[in-house]
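Structure below is work-v5.cif: mmCIF, C-alpha atoms.
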```
data_coords
loop_
_atom_site.label_atom_id
_atom_site.label_comp_id
_atom_site.auth_asym_id
_atom_site.auth_seq_id
_atom_site.Cartn_x
_atom_site.Cartn_y
_atom_site.Cartn_z
CA MET C 243 142.75 -77.55 -91.21
CA ARG C 244 140.35 -78.92 -88.66
CA LYS C 245 141.84 -81.25 -86.04
CA GLY C 246 138.75 -82.57 -84.28
CA VAL C 247 138.11 -79.68 -81.88
CA MET C 248 134.33 -79.14 -82.00
CA ARG C 249 133.18 -76.22 -79.89
CA PRO C 250 133.61 -74.25 -76.67
CA GLY C 251 132.73 -76.64 -73.86
CA HIS C 252 132.90 -74.64 -70.66
CA VAL C 253 134.37 -71.64 -68.91
CA GLN C 254 135.23 -71.46 -65.19
CA LEU C 255 134.90 -67.97 -63.72
CA ARG C 256 136.02 -66.67 -60.34
CA VAL C 257 133.46 -64.58 -58.45
CA LEU C 258 133.59 -62.67 -55.17
CA ASN C 259 130.28 -64.03 -53.87
CA ILE C 260 128.79 -67.24 -55.17
CA GLN C 261 125.17 -66.43 -54.27
CA ASP C 262 125.28 -63.01 -55.93
CA ALA C 263 126.87 -64.60 -58.99
CA LEU C 264 124.30 -67.37 -59.12
CA ALA C 265 121.49 -64.81 -58.97
CA HIS C 266 123.11 -62.99 -61.90
CA TYR C 267 123.82 -65.96 -64.15
CA ARG C 268 120.64 -67.89 -63.32
CA ASP C 269 118.01 -65.22 -62.76
CA LEU C 270 119.24 -62.46 -65.09
CA LEU C 271 120.97 -64.36 -67.92
CA GLY C 272 118.50 -67.21 -67.53
CA LEU C 273 121.06 -70.00 -67.45
CA ILE C 274 119.89 -73.30 -66.01
CA GLU C 275 121.38 -74.11 -62.59
CA VAL C 276 122.68 -77.67 -62.76
CA GLU C 277 124.34 -78.42 -59.43
CA THR C 278 126.87 -77.42 -56.81
CA ASP C 279 129.92 -79.65 -56.33
CA ALA C 280 131.80 -80.64 -53.17
CA LEU C 281 134.15 -77.67 -53.60
CA GLY C 282 131.21 -75.26 -53.69
CA ARG C 283 131.53 -74.59 -57.42
CA VAL C 284 128.20 -73.92 -59.15
CA TYR C 285 127.50 -75.43 -62.60
CA LEU C 286 125.12 -73.89 -65.14
CA LYS C 287 124.21 -74.22 -68.82
CA GLY C 288 122.21 -72.52 -71.54
CA TRP C 289 118.95 -74.28 -72.22
CA THR C 290 119.84 -75.36 -75.81
CA GLU C 291 123.12 -76.98 -74.76
CA VAL C 292 123.09 -80.76 -74.78
CA ASP C 293 126.02 -81.29 -72.42
CA LYS C 294 125.61 -81.18 -68.67
CA PHE C 295 127.14 -77.75 -68.04
CA SER C 296 129.02 -74.93 -69.76
CA VAL C 297 129.62 -72.37 -67.00
CA VAL C 298 131.32 -73.07 -63.67
CA LEU C 299 131.43 -70.39 -60.96
CA ARG C 300 134.06 -70.55 -58.22
CA GLU C 301 134.23 -68.20 -55.25
CA SER C 302 137.57 -66.39 -54.95
CA ASP C 303 138.98 -63.05 -53.80
CA THR C 304 140.20 -62.34 -57.35
CA PRO C 305 137.58 -62.25 -60.12
CA GLY C 306 138.54 -63.45 -63.59
CA MET C 307 138.75 -66.61 -65.69
CA ASP C 308 140.31 -69.85 -64.46
CA PHE C 309 140.11 -71.61 -67.82
CA MET C 310 138.13 -72.05 -71.02
CA ALA C 311 137.65 -75.55 -72.44
CA PHE C 312 136.92 -76.96 -75.89
CA LYS C 313 135.17 -80.25 -76.56
CA VAL C 314 136.83 -82.56 -79.08
CA LEU C 315 135.26 -85.36 -81.15
CA ASN C 316 136.29 -88.38 -79.09
CA GLU C 317 138.93 -89.90 -76.83
CA ALA C 318 141.17 -90.91 -79.76
CA THR C 319 141.18 -87.29 -80.93
CA LEU C 320 142.02 -86.19 -77.40
CA ASP C 321 144.98 -88.60 -77.33
CA ARG C 322 146.22 -87.34 -80.69
CA LEU C 323 145.90 -83.69 -79.65
CA HIS C 324 147.76 -84.52 -76.45
CA GLN C 325 150.71 -85.81 -78.49
CA ASP C 326 150.46 -82.87 -80.90
CA LEU C 327 150.60 -80.37 -78.02
CA LEU C 328 153.62 -82.11 -76.51
CA GLY C 329 155.26 -82.26 -79.92
CA TYR C 330 154.71 -78.52 -80.30
CA GLY C 331 156.50 -77.97 -77.00
CA VAL C 332 153.46 -77.17 -74.88
CA ALA C 333 153.36 -78.49 -71.30
CA VAL C 334 150.12 -80.40 -70.70
CA GLU C 335 148.53 -81.09 -67.32
CA ASP C 336 146.26 -84.12 -67.00
CA ILE C 337 143.09 -83.36 -65.06
CA PRO C 338 141.38 -86.62 -64.07
CA ALA C 339 137.81 -87.48 -65.04
CA GLY C 340 135.34 -86.29 -62.41
CA GLU C 341 137.38 -83.31 -61.22
CA LEU C 342 134.45 -81.42 -62.69
CA ASN C 343 131.28 -83.40 -61.98
CA GLY C 344 130.12 -85.24 -65.08
CA CYS C 345 133.15 -84.32 -67.18
CA GLY C 346 135.74 -86.74 -68.50
CA ARG C 347 139.48 -86.28 -68.31
CA ARG C 348 140.78 -82.91 -69.41
CA LEU C 349 144.06 -81.75 -70.89
CA ARG C 350 145.08 -78.35 -69.56
CA PHE C 351 147.71 -76.07 -71.08
CA VAL C 352 148.70 -72.42 -71.02
CA ALA C 353 148.58 -70.45 -74.28
CA PRO C 354 151.30 -67.88 -75.07
CA THR C 355 148.89 -65.10 -74.03
CA GLY C 356 148.91 -66.62 -70.54
CA HIS C 357 145.39 -68.05 -70.54
CA GLN C 358 144.62 -71.58 -69.38
CA PHE C 359 142.75 -73.72 -71.90
CA GLU C 360 141.46 -77.27 -71.68
CA LEU C 361 140.44 -80.01 -74.08
CA PHE C 362 138.06 -82.81 -73.21
CA ALA C 363 136.06 -85.43 -75.13
CA GLU C 364 133.45 -86.72 -72.71
CA LYS C 365 130.78 -84.98 -70.69
CA GLU C 366 127.44 -86.25 -69.46
CA GLN C 367 124.85 -85.35 -72.06
CA PRO C 368 121.36 -84.98 -70.59
CA GLY C 369 120.20 -83.09 -73.71
CA ARG C 370 118.46 -79.76 -74.19
CA TYR C 371 116.87 -78.47 -71.01
CA GLY C 372 113.14 -78.96 -70.85
CA VAL C 373 112.57 -80.23 -74.39
CA GLY C 374 114.90 -83.20 -74.87
CA ASN C 375 115.70 -84.95 -78.14
CA HIS C 376 112.46 -86.72 -79.04
CA ASN C 377 109.70 -84.71 -80.73
CA PRO C 378 110.93 -81.63 -78.89
CA GLU C 379 108.79 -78.54 -78.33
CA ALA C 380 110.15 -75.19 -79.53
CA TRP C 381 111.31 -74.02 -76.11
CA PRO C 382 110.78 -74.71 -72.44
CA ARG C 383 108.12 -72.52 -70.87
CA ASP C 384 109.86 -71.99 -67.52
CA LEU C 385 112.86 -69.96 -68.71
CA THR C 386 113.73 -66.75 -66.88
CA GLY C 387 115.57 -63.49 -67.57
CA MET C 388 117.40 -63.19 -70.87
CA LYS C 389 116.81 -66.89 -71.67
CA ALA C 390 120.42 -67.23 -72.86
CA GLN C 391 120.66 -70.15 -75.27
CA ARG C 392 124.29 -71.13 -74.94
CA PHE C 393 127.76 -70.13 -73.77
CA ASP C 394 129.21 -69.01 -77.09
CA HIS C 395 132.77 -67.64 -76.82
CA CYS C 396 135.25 -65.64 -74.75
CA LEU C 397 137.25 -62.54 -75.62
CA LEU C 398 140.61 -62.54 -73.84
CA TYR C 399 143.34 -59.91 -73.55
CA GLY C 400 147.02 -60.86 -73.63
CA ASP C 401 150.42 -60.09 -75.07
CA ASP C 402 151.58 -62.81 -77.47
CA LEU C 403 148.78 -62.88 -80.04
CA ASP C 404 151.00 -64.39 -82.73
CA GLY C 405 152.07 -67.26 -80.49
CA THR C 406 148.52 -68.07 -79.42
CA PHE C 407 147.27 -67.85 -83.01
CA ALA C 408 149.98 -70.23 -84.22
CA LEU C 409 149.12 -72.73 -81.48
CA PHE C 410 145.38 -72.56 -82.14
CA LYS C 411 145.86 -72.80 -85.92
CA ASP C 412 148.63 -75.37 -86.21
CA VAL C 413 147.78 -77.69 -83.32
CA LEU C 414 144.08 -77.18 -82.60
CA GLY C 415 142.86 -76.50 -86.15
CA PHE C 416 141.26 -73.09 -85.66
CA ASP C 417 140.85 -70.64 -88.55
CA LEU C 418 141.33 -66.88 -88.50
CA CYS C 419 137.92 -65.38 -89.29
CA GLU C 420 138.62 -61.69 -88.69
CA GLN C 421 141.61 -59.61 -87.64
CA VAL C 422 142.63 -56.03 -86.91
CA LEU C 423 146.00 -54.96 -88.32
CA THR C 424 148.13 -51.89 -87.61
CA PRO C 425 149.66 -50.01 -90.58
CA ASP C 426 152.90 -51.99 -90.08
CA GLY C 427 151.05 -55.27 -90.19
CA GLU C 428 150.92 -56.17 -86.50
CA ARG C 429 147.78 -58.13 -85.60
CA VAL C 430 146.20 -56.46 -82.54
CA ALA C 431 142.93 -58.42 -82.55
CA GLN C 432 142.15 -61.93 -83.78
CA PHE C 433 138.81 -63.73 -83.95
CA LEU C 434 139.31 -67.49 -84.23
CA THR C 435 136.76 -70.12 -85.19
CA VAL C 436 136.66 -73.89 -85.20
CA SER C 437 133.10 -74.04 -86.53
CA MET C 438 130.73 -72.07 -88.77
CA LYS C 439 130.52 -69.33 -86.13
CA SER C 440 132.42 -66.09 -86.70
CA HIS C 441 134.33 -66.68 -83.47
CA ASP C 442 134.72 -69.40 -80.87
CA VAL C 443 137.46 -67.48 -79.04
CA ALA C 444 138.99 -64.05 -79.65
CA PHE C 445 142.06 -62.19 -78.43
CA ILE C 446 142.98 -58.51 -78.22
CA LYS C 447 146.56 -57.29 -77.77
CA HIS C 448 147.35 -56.11 -74.25
CA ALA C 449 150.56 -55.60 -72.30
CA GLU C 450 149.61 -58.03 -69.51
CA LYS C 451 149.09 -61.76 -69.87
CA ASN C 452 145.98 -63.70 -68.89
CA LYS C 453 143.34 -60.97 -68.69
CA PHE C 454 139.65 -61.73 -69.12
CA HIS C 455 137.47 -59.39 -71.18
CA HIS C 456 134.14 -61.21 -71.49
CA ALA C 457 132.19 -64.42 -71.72
CA SER C 458 129.46 -64.27 -74.32
CA PHE C 459 126.08 -65.93 -74.50
CA PHE C 460 123.89 -66.40 -77.55
CA LEU C 461 120.36 -65.03 -77.95
CA GLU C 462 118.10 -65.68 -80.90
CA THR C 463 116.96 -62.25 -82.07
CA TRP C 464 117.62 -58.51 -81.92
CA GLU C 465 114.36 -58.22 -79.97
CA ASP C 466 115.92 -60.53 -77.37
CA VAL C 467 119.00 -58.25 -77.16
CA LEU C 468 116.77 -55.19 -76.58
CA ARG C 469 114.84 -57.13 -73.97
CA ALA C 470 118.14 -58.04 -72.29
CA GLY C 471 118.90 -54.31 -72.15
CA ASP C 472 115.54 -53.71 -70.48
CA LEU C 473 116.31 -56.39 -67.89
CA ILE C 474 119.76 -54.87 -67.23
CA SER C 475 118.05 -51.56 -66.39
CA MET C 476 115.25 -53.19 -64.37
CA THR C 477 117.82 -54.96 -62.19
CA ASP C 478 120.21 -51.97 -61.98
CA THR C 479 122.96 -54.20 -63.36
CA ALA C 480 126.25 -52.49 -64.25
CA ILE C 481 126.24 -51.86 -68.02
CA ASP C 482 129.23 -51.36 -70.29
CA ILE C 483 127.72 -50.47 -73.68
CA GLY C 484 124.85 -51.28 -75.99
CA PRO C 485 122.55 -52.44 -77.40
CA THR C 486 124.52 -51.87 -80.60
CA ARG C 487 126.09 -53.74 -83.50
CA HIS C 488 129.64 -54.95 -84.01
CA GLY C 489 131.43 -54.24 -87.29
CA ILE C 490 133.52 -57.35 -86.67
CA THR C 491 131.18 -60.38 -87.01
CA HIS C 492 128.17 -58.02 -87.56
CA GLY C 493 126.63 -59.45 -84.39
CA GLN C 494 124.14 -57.39 -82.37
CA THR C 495 125.21 -57.02 -78.80
CA ILE C 496 125.01 -55.63 -75.30
CA TYR C 497 127.83 -55.69 -72.73
CA PHE C 498 127.36 -55.66 -68.96
CA PHE C 499 129.08 -56.89 -65.82
CA ASP C 500 128.43 -59.65 -63.34
CA PRO C 501 128.40 -58.65 -59.63
CA SER C 502 132.16 -59.36 -59.39
CA GLY C 503 133.10 -57.23 -62.39
CA ASN C 504 133.51 -60.00 -64.95
CA ARG C 505 132.13 -58.68 -68.24
CA ASN C 506 129.34 -60.58 -70.01
CA GLU C 507 127.94 -60.18 -73.49
CA VAL C 508 124.66 -61.37 -74.89
CA PHE C 509 124.38 -61.16 -78.65
CA CYS C 510 122.52 -62.41 -81.70
CA GLY C 511 123.37 -62.78 -85.36
CA GLY C 512 126.94 -62.88 -86.55
CA ASP C 513 128.36 -63.97 -89.88
CA SER C 514 128.87 -67.57 -90.96
CA PHE C 515 132.33 -68.91 -91.63
CA TYR C 516 133.55 -71.67 -93.96
CA PRO C 517 137.16 -72.89 -93.97
CA ASP C 518 137.72 -71.59 -97.52
CA HIS C 519 136.96 -68.00 -96.46
CA ALA C 520 139.81 -65.52 -96.51
CA PRO C 521 140.22 -63.64 -93.21
CA ILE C 522 138.34 -60.34 -92.98
CA THR C 523 140.76 -57.52 -92.14
CA TRP C 524 140.03 -54.26 -90.33
CA ASP C 525 142.56 -51.44 -90.22
CA ALA C 526 143.49 -50.40 -86.68
CA ASP C 527 142.39 -46.83 -87.38
CA LYS C 528 138.88 -48.22 -88.02
CA LEU C 529 138.89 -50.09 -84.71
CA GLY C 530 136.09 -47.98 -83.25
CA LYS C 531 133.75 -48.88 -86.11
CA ALA C 532 134.99 -52.47 -86.09
CA ILE C 533 134.01 -52.95 -82.46
CA PHE C 534 131.00 -50.61 -82.16
CA TYR C 535 129.54 -50.10 -85.63
CA HIS C 536 127.13 -47.31 -84.67
CA ASP C 537 129.16 -45.19 -82.21
CA ARG C 538 132.29 -45.74 -84.35
CA GLN C 539 134.47 -45.15 -81.31
CA LEU C 540 135.60 -47.32 -78.44
CA ASN C 541 134.76 -46.39 -74.91
CA GLU C 542 137.89 -46.36 -72.76
CA ARG C 543 136.29 -48.87 -70.39
CA PHE C 544 136.12 -51.51 -73.16
CA LEU C 545 139.93 -51.48 -73.24
CA THR C 546 140.73 -51.09 -69.57
CA ALA C 547 138.05 -52.79 -67.44
CA LEU C 548 139.41 -56.34 -67.28
CA THR C 549 139.50 -59.07 -64.65
CA MET H 241 120.42 -42.49 -42.75
CA THR H 242 121.83 -39.28 -44.11
CA ALA H 243 123.64 -38.26 -47.24
CA HIS H 244 127.40 -37.78 -46.95
CA ARG H 245 129.62 -35.12 -48.47
CA ILE H 246 132.70 -36.51 -50.20
CA THR H 247 135.73 -34.29 -50.79
CA LEU H 248 138.01 -35.48 -53.58
CA GLN H 249 141.49 -34.05 -53.02
CA ARG H 250 143.41 -33.39 -56.24
CA ASP H 251 147.08 -32.59 -56.72
CA GLY H 252 147.53 -29.02 -57.89
CA GLN H 253 143.80 -28.40 -58.29
CA PRO H 254 141.06 -27.32 -55.93
CA PRO H 255 139.23 -30.23 -54.29
CA GLU H 256 135.94 -31.37 -55.76
CA GLN H 257 132.92 -32.27 -53.66
CA PHE H 258 129.99 -34.55 -54.35
CA ILE H 259 127.17 -36.06 -52.33
CA VAL H 260 126.61 -39.76 -51.75
CA GLN H 261 123.01 -40.60 -50.98
CA PRO H 262 122.13 -43.01 -48.15
CA GLY H 263 122.88 -46.59 -49.16
CA GLN H 264 124.79 -45.50 -52.25
CA THR H 265 128.38 -46.54 -52.91
CA LEU H 266 131.15 -43.99 -53.18
CA LEU H 267 131.38 -44.69 -56.90
CA ALA H 268 127.63 -44.38 -57.49
CA GLY H 269 127.74 -40.94 -55.87
CA ALA H 270 130.69 -39.92 -58.05
CA GLU H 271 129.00 -41.36 -61.13
CA ALA H 272 125.95 -39.17 -60.51
CA VAL H 273 128.12 -36.05 -60.81
CA HIS H 274 128.28 -34.40 -64.19
CA ASN H 275 131.99 -34.89 -64.84
CA ARG H 276 132.31 -38.32 -63.19
CA PRO H 277 135.36 -37.49 -61.06
CA VAL H 278 136.17 -41.16 -60.30
CA PRO H 279 136.84 -43.55 -63.23
CA VAL H 280 133.97 -46.02 -63.72
CA GLY H 281 134.71 -49.61 -64.71
CA CYS H 282 132.87 -52.79 -63.77
CA ARG H 283 131.16 -51.41 -60.63
CA GLY H 284 131.65 -54.84 -59.05
CA GLY H 285 135.03 -54.77 -57.31
CA GLY H 286 136.73 -56.66 -60.12
CA CYS H 287 138.57 -54.34 -62.53
CA GLY H 288 140.39 -51.86 -60.27
CA LEU H 289 139.63 -48.70 -62.27
CA CYS H 290 137.93 -46.84 -59.39
CA ARG H 291 140.82 -47.32 -56.92
CA VAL H 292 140.92 -44.55 -54.29
CA ARG H 293 142.81 -43.74 -51.09
CA ILE H 294 140.60 -42.79 -48.15
CA LEU H 295 142.17 -39.96 -46.15
CA ALA H 296 139.42 -39.42 -43.59
CA GLY H 297 135.96 -40.71 -42.73
CA ASP H 298 134.29 -43.97 -41.76
CA TYR H 299 133.01 -46.50 -44.23
CA GLN H 300 132.10 -50.12 -44.81
CA ARG H 301 133.90 -52.03 -47.53
CA GLY H 302 132.62 -54.98 -49.53
CA ARG H 303 134.79 -57.73 -50.96
CA MET H 304 137.03 -56.51 -53.77
CA SER H 305 139.65 -58.05 -56.04
CA ARG H 306 142.99 -58.90 -54.40
CA ALA H 307 144.52 -58.33 -57.83
CA TYR H 308 144.08 -54.61 -57.25
CA ILE H 309 143.80 -54.20 -53.44
CA SER H 310 146.46 -55.98 -51.39
CA ILE H 311 146.14 -56.65 -47.68
CA GLN H 312 148.57 -53.77 -47.12
CA ASP H 313 146.42 -51.51 -49.33
CA GLU H 314 143.42 -52.47 -47.25
CA GLN H 315 145.24 -51.49 -44.03
CA ASP H 316 146.33 -48.24 -45.68
CA GLY H 317 142.77 -47.25 -46.56
CA VAL H 318 143.06 -47.95 -50.27
CA ALA H 319 139.87 -49.37 -51.75
CA LEU H 320 137.74 -49.68 -54.87
CA ALA H 321 135.11 -46.95 -54.70
CA CYS H 322 132.41 -49.25 -56.11
CA ARG H 323 132.67 -51.38 -52.94
CA VAL H 324 132.79 -48.55 -50.37
CA LEU H 325 129.70 -47.48 -48.46
CA PRO H 326 130.35 -44.13 -46.73
CA LEU H 327 129.14 -43.91 -43.10
CA THR H 328 130.31 -40.31 -42.57
CA ASP H 329 131.59 -37.46 -44.71
CA MET H 330 134.86 -38.55 -46.33
CA ASP H 331 138.07 -37.17 -47.79
CA ILE H 332 139.50 -39.25 -50.63
CA MET H 333 141.97 -39.04 -53.49
CA LEU H 334 142.33 -41.10 -56.64
CA ALA H 335 144.88 -43.93 -56.37
CA PRO H 336 145.12 -45.42 -59.86
CA LEU H 337 147.41 -48.38 -60.34
CA THR H 338 150.13 -47.79 -62.87
CA VAL H 339 148.90 -50.27 -65.44
CA PRO H 340 150.55 -50.77 -68.80
CA ALA H 341 148.99 -48.59 -71.47
CA PRO H 342 146.61 -50.52 -73.72
CA ALA H 343 148.31 -51.85 -76.83
CA ILE H 344 145.46 -50.28 -78.74
CA THR H 345 143.84 -47.01 -77.84
CA ALA H 346 140.32 -45.66 -77.87
#
```
Starting from the file, lay out its structure as structure tokens.
Amino acid sequence: MRKGVMRPGHVQLRVLNIQDALAHYRDLLGLIEVETDALGRVYLKGWTEVDKFSVVLRESDTPGMDFMAFKVLNEATLDRLHQDLLGYGVAVEDIPAGELNGCGRRLRFVAPTGHQFELFAEKEQPGRYGVGNHNPEAWPRDLTGMKAQRFDHCLLYGDDLDGTFALFKDVLGFDLCEQVLTPDGERVAQFLTVSMKSHDVAFIKHAEKNKFHHASFFLETWEDVLRAGDLISMTDTAIDIGPTRHGITHGQTIYFFDPSGNRNEVFCGGDSFYPDHAPITWDADKLGKAIFYHDRQLNERFLTALT
Amino acid sequence: MTAHRITLQRDGQPPEQFIVQPGQTLLAGAEAVHNRPVPVGCRGGGCGLCRVRILAGDYQRGRMSRAYISIQDEQDGVALACRVLPLTDMDIMLAPLTVPAPAITA
């Protein structure tokens, strides 16, 4: 049952070199550079996103994900979710408004898989880049690179999938859209949604906690995904796999890496989800086809290259 | 600028050699070889898959993840091949971290 969590709000990624990362996310993915804060963190967003930012880059000597945040309906919802998290036995850290420029107060907690998540209700809302909210044109004409439309979801690797699923379902109101089960019924992959999208966050079973697999960005068409592949070659960007199609979600996809080794995806399509839908189940021995529908086998790197 | 010959020492097997072109990273040179003798991951110093120990030779190293290369590793000549620019011929060996096996397998 939905609990007032609306959508992914932002992800903060650690990068080895902020200028190289900015060139990648701005010039290749085509995200809009918003600003740099006093700590040197760079804020970006996809052009269709109404909020001020959705990607924050922070320079560090260890690439990976600091946290992923979800936006909730309003401050009253945030207060209620705060109590619900505490009642569930989850420690919650209060991050004051303004710690991220233009973002209201955030609640931070660690999921059983070891990943840091945040909830927030308020963020400055300048509207869609270049077109606004009043008689908007179809798209801004000054977009670059892949013209990524929005930050869409993350796939994270960690150990306690059941614990994280229970927290996301019971406290945050996510639904299980798709899963991969072993013959003895252990869930080794879970794709969770809090919207009509086939996933807003996903987890794959892994021995270590708190590993980052990818941050994904939405494109409009298959032609856009092919064009992204062309740009990846033109810029000699490290590729993982694709363009191809997923069995899970049926999205069309290409995977590649930022200059610090954090994996990115751009994709289009994907199934729609309603809360009355039963979860879609894949057998673990069909995992290759579930992840890469055409190759029907996983590349080793998909499972082992993590930050 | 000249190309450099890299010798990959292997336990119990004859060494393997490959050439790294001027300006190319150690990993890019290995990746150009038919059998890809060094594991290829993110190519960005982040994932640790291409971890090697440098036994001989001069090189420049770019920034790489502290999660996989400690300060001690750095002093011991352990590096991620995707961030190593050879300056001379080099002798190396693979130095994979013992990571937990994936819960699911390819």
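The residues returned by the PyMOL selection byres ((chain C) within 6 of (chain H)) for this structure are Asp303, Thr304, Pro305, Lys447, His448, Ala449, Phe499, Pro501, Ser502, Gly503, Leu540, Glu542, Arg543, Ala547, Leu548 and Thr549 of chain C.
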Serialized selection, C-alpha atoms, as a PDB file, in the coordinates of the input:
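Result file out-v8.pdb:
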```pdb
ATOM      1  CA  ASP C 303     138.980 -63.050 -53.800  1.00  0.00           C
ATOM      2  CA  THR C 304     140.200 -62.340 -57.350  1.00  0.00           C
ATOM      3  CA  PRO C 305     137.580 -62.250 -60.120  1.00  0.00           C
ATOM      4  CA  LYS C 447     146.560 -57.290 -77.770  1.00  0.00           C
ATOM      5  CA  HIS C 448     147.350 -56.110 -74.250  1.00  0.00           C
ATOM      6  CA  ALA C 449     150.560 -55.600 -72.300  1.00  0.00           C
ATOM      7  CA  PHE C 499     129.080 -56.890 -65.820  1.00  0.00           C
ATOM      8  CA  PRO C 501     128.400 -58.650 -59.630  1.00  0.00           C
ATOM      9  CA  SER C 502     132.160 -59.360 -59.390  1.00  0.00           C
ATOM     10  CA  GLY C 503     133.100 -57.230 -62.390  1.00  0.00           C
ATOM     11  CA  LEU C 540     135.600 -47.320 -78.440  1.00  0.00           C
ATOM     12  CA  GLU C 542     137.890 -46.360 -72.760  1.00  0.00           C
ATOM     13  CA  ARG C 543     136.290 -48.870 -70.390  1.00  0.00           C
ATOM     14  CA  ALA C 547     138.050 -52.790 -67.440  1.00  0.00           C
ATOM     15  CA  LEU C 548     139.410 -56.340 -67.280  1.00  0.00           C
ATOM     16  CA  THR C 549     139.500 -59.070 -64.650  1.00  0.00           C
TER      17      THR C 549
END
```
Running the PyMOL selection byres ((chain H and resi 263-277) around 10) on this model by hand, what would come out? Give it as a PDB file with C-alpha atoms, keeping the file's coordinate frame.
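Writing the result to out-v3.pdb gives the following:
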```
ATOM      1  CA  MET H 241     120.420 -42.490 -42.750  1.00  0.00           C
ATOM      2  CA  THR H 242     121.830 -39.280 -44.110  1.00  0.00           C
ATOM      3  CA  ALA H 243     123.640 -38.260 -47.240  1.00  0.00           C
ATOM      4  CA  HIS H 244     127.400 -37.780 -46.950  1.00  0.00           C
ATOM      5  CA  ARG H 245     129.620 -35.120 -48.470  1.00  0.00           C
ATOM      6  CA  ILE H 246     132.700 -36.510 -50.200  1.00  0.00           C
ATOM      7  CA  LEU H 248     138.010 -35.480 -53.580  1.00  0.00           C
ATOM      8  CA  GLU H 256     135.940 -31.370 -55.760  1.00  0.00           C
ATOM      9  CA  GLN H 257     132.920 -32.270 -53.660  1.00  0.00           C
ATOM     10  CA  PHE H 258     129.990 -34.550 -54.350  1.00  0.00           C
ATOM     11  CA  ILE H 259     127.170 -36.060 -52.330  1.00  0.00           C
ATOM     12  CA  VAL H 260     126.610 -39.760 -51.750  1.00  0.00           C
ATOM     13  CA  GLN H 261     123.010 -40.600 -50.980  1.00  0.00           C
ATOM     14  CA  PRO H 262     122.130 -43.010 -48.150  1.00  0.00           C
ATOM     15  CA  VAL H 278     136.170 -41.160 -60.300  1.00  0.00           C
ATOM     16  CA  PRO H 279     136.840 -43.550 -63.230  1.00  0.00           C
ATOM     17  CA  VAL H 280     133.970 -46.020 -63.720  1.00  0.00           C
ATOM     18  CA  GLY H 281     134.710 -49.610 -64.710  1.00  0.00           C
ATOM     19  CA  ARG H 283     131.160 -51.410 -60.630  1.00  0.00           C
ATOM     20  CA  CYS H 290     137.930 -46.840 -59.390  1.00  0.00           C
ATOM     21  CA  ARG H 291     140.820 -47.320 -56.920  1.00  0.00           C
ATOM     22  CA  VAL H 292     140.920 -44.550 -54.290  1.00  0.00           C
ATOM     23  CA  TYR H 299     133.010 -46.500 -44.230  1.00  0.00           C
ATOM     24  CA  GLN H 300     132.100 -50.120 -44.810  1.00  0.00           C
ATOM     25  CA  ARG H 301     133.900 -52.030 -47.530  1.00  0.00           C
ATOM     26  CA  LEU H 320     137.740 -49.680 -54.870  1.00  0.00           C
ATOM     27  CA  ALA H 321     135.110 -46.950 -54.700  1.00  0.00           C
ATOM     28  CA  CYS H 322     132.410 -49.250 -56.110  1.00  0.00           C
ATOM     29  CA  ARG H 323     132.670 -51.380 -52.940  1.00  0.00           C
ATOM     30  CA  VAL H 324     132.790 -48.550 -50.370  1.00  0.00           C
ATOM     31  CA  LEU H 325     129.700 -47.480 -48.460  1.00  0.00           C
ATOM     32  CA  PRO H 326     130.350 -44.130 -46.730  1.00  0.00           C
ATOM     33  CA  LEU H 327     129.140 -43.910 -43.100  1.00  0.00           C
ATOM     34  CA  MET H 330     134.860 -38.550 -46.330  1.00  0.00           C
ATOM     35  CA  ILE H 332     139.500 -39.250 -50.630  1.00  0.00           C
ATOM     36  CA  LEU H 334     142.330 -41.100 -56.640  1.00  0.00           C
TER      37      LEU H 334
END
```
Q | Contacts of Arg348 of chain C within 6 Å, all atoms listed in the file, excl. fewer than 5 positions in-chain, as a list in words | A |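 Non-adjacent residues within range: Ile337, Leu361 and Phe362 of chain C.
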Would you mind exporting C-alpha atoms of the selected residues as a short mmCIF file (atom, residue, chain, number, x, y, z; two decimals), keeping the file's coordinate frame?
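Generated file (part27.cif):
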```cif
data_model
loop_
_atom_site.label_atom_id
_atom_site.label_comp_id
_atom_site.auth_asym_id
_atom_site.auth_seq_id
_atom_site.Cartn_x
_atom_site.Cartn_y
_atom_site.Cartn_z
CA ILE C 337 143.09 -83.36 -65.06
CA LEU C 361 140.44 -80.01 -74.08
CA PHE C 362 138.06 -82.81 -73.21
#
```
Q) Nearest to Leu295 of chain H: which of H:Asp251, H:Thr328, H:Leu337, H:Gly317 is it, counting all atoms listed in the file? A)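 Between H:Asp251, H:Thr328, H:Leu337, H:Gly317, the residue approaching Leu295 of chain H most closely is H:Gly317.
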Q: Apply the PyMOL selection byres ((chain C and resi 530) around 10) to the displayed file and report the matching residues as a ChimeraX atom specification.
A: /C:488-489,526-529,531-541 /H:345-346
Since we have the selection now, will you write its residues out, keeping C-alpha atoms, as a short mmCIF file (atom, residue, chain, number, x, y, z; two decimals), in the frame of the given file?
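Listed below is the output, again_36.cif:
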```cif
data_model
loop_
_atom_site.label_atom_id
_atom_site.label_comp_id
_atom_site.auth_asym_id
_atom_site.auth_seq_id
_atom_site.Cartn_x
_atom_site.Cartn_y
_atom_site.Cartn_z
CA HIS C 488 129.64 -54.95 -84.01
CA GLY C 489 131.43 -54.24 -87.29
CA ALA C 526 143.49 -50.40 -86.68
CA ASP C 527 142.39 -46.83 -87.38
CA LYS C 528 138.88 -48.22 -88.02
CA LEU C 529 138.89 -50.09 -84.71
CA LYS C 531 133.75 -48.88 -86.11
CA ALA C 532 134.99 -52.47 -86.09
CA ILE C 533 134.01 -52.95 -82.46
CA PHE C 534 131.00 -50.61 -82.16
CA TYR C 535 129.54 -50.10 -85.63
CA HIS C 536 127.13 -47.31 -84.67
CA ASP C 537 129.16 -45.19 -82.21
CA ARG C 538 132.29 -45.74 -84.35
CA GLN C 539 134.47 -45.15 -81.31
CA LEU C 540 135.60 -47.32 -78.44
CA ASN C 541 134.76 -46.39 -74.91
CA THR H 345 143.84 -47.01 -77.84
CA ALA H 346 140.32 -45.66 -77.87
#
```
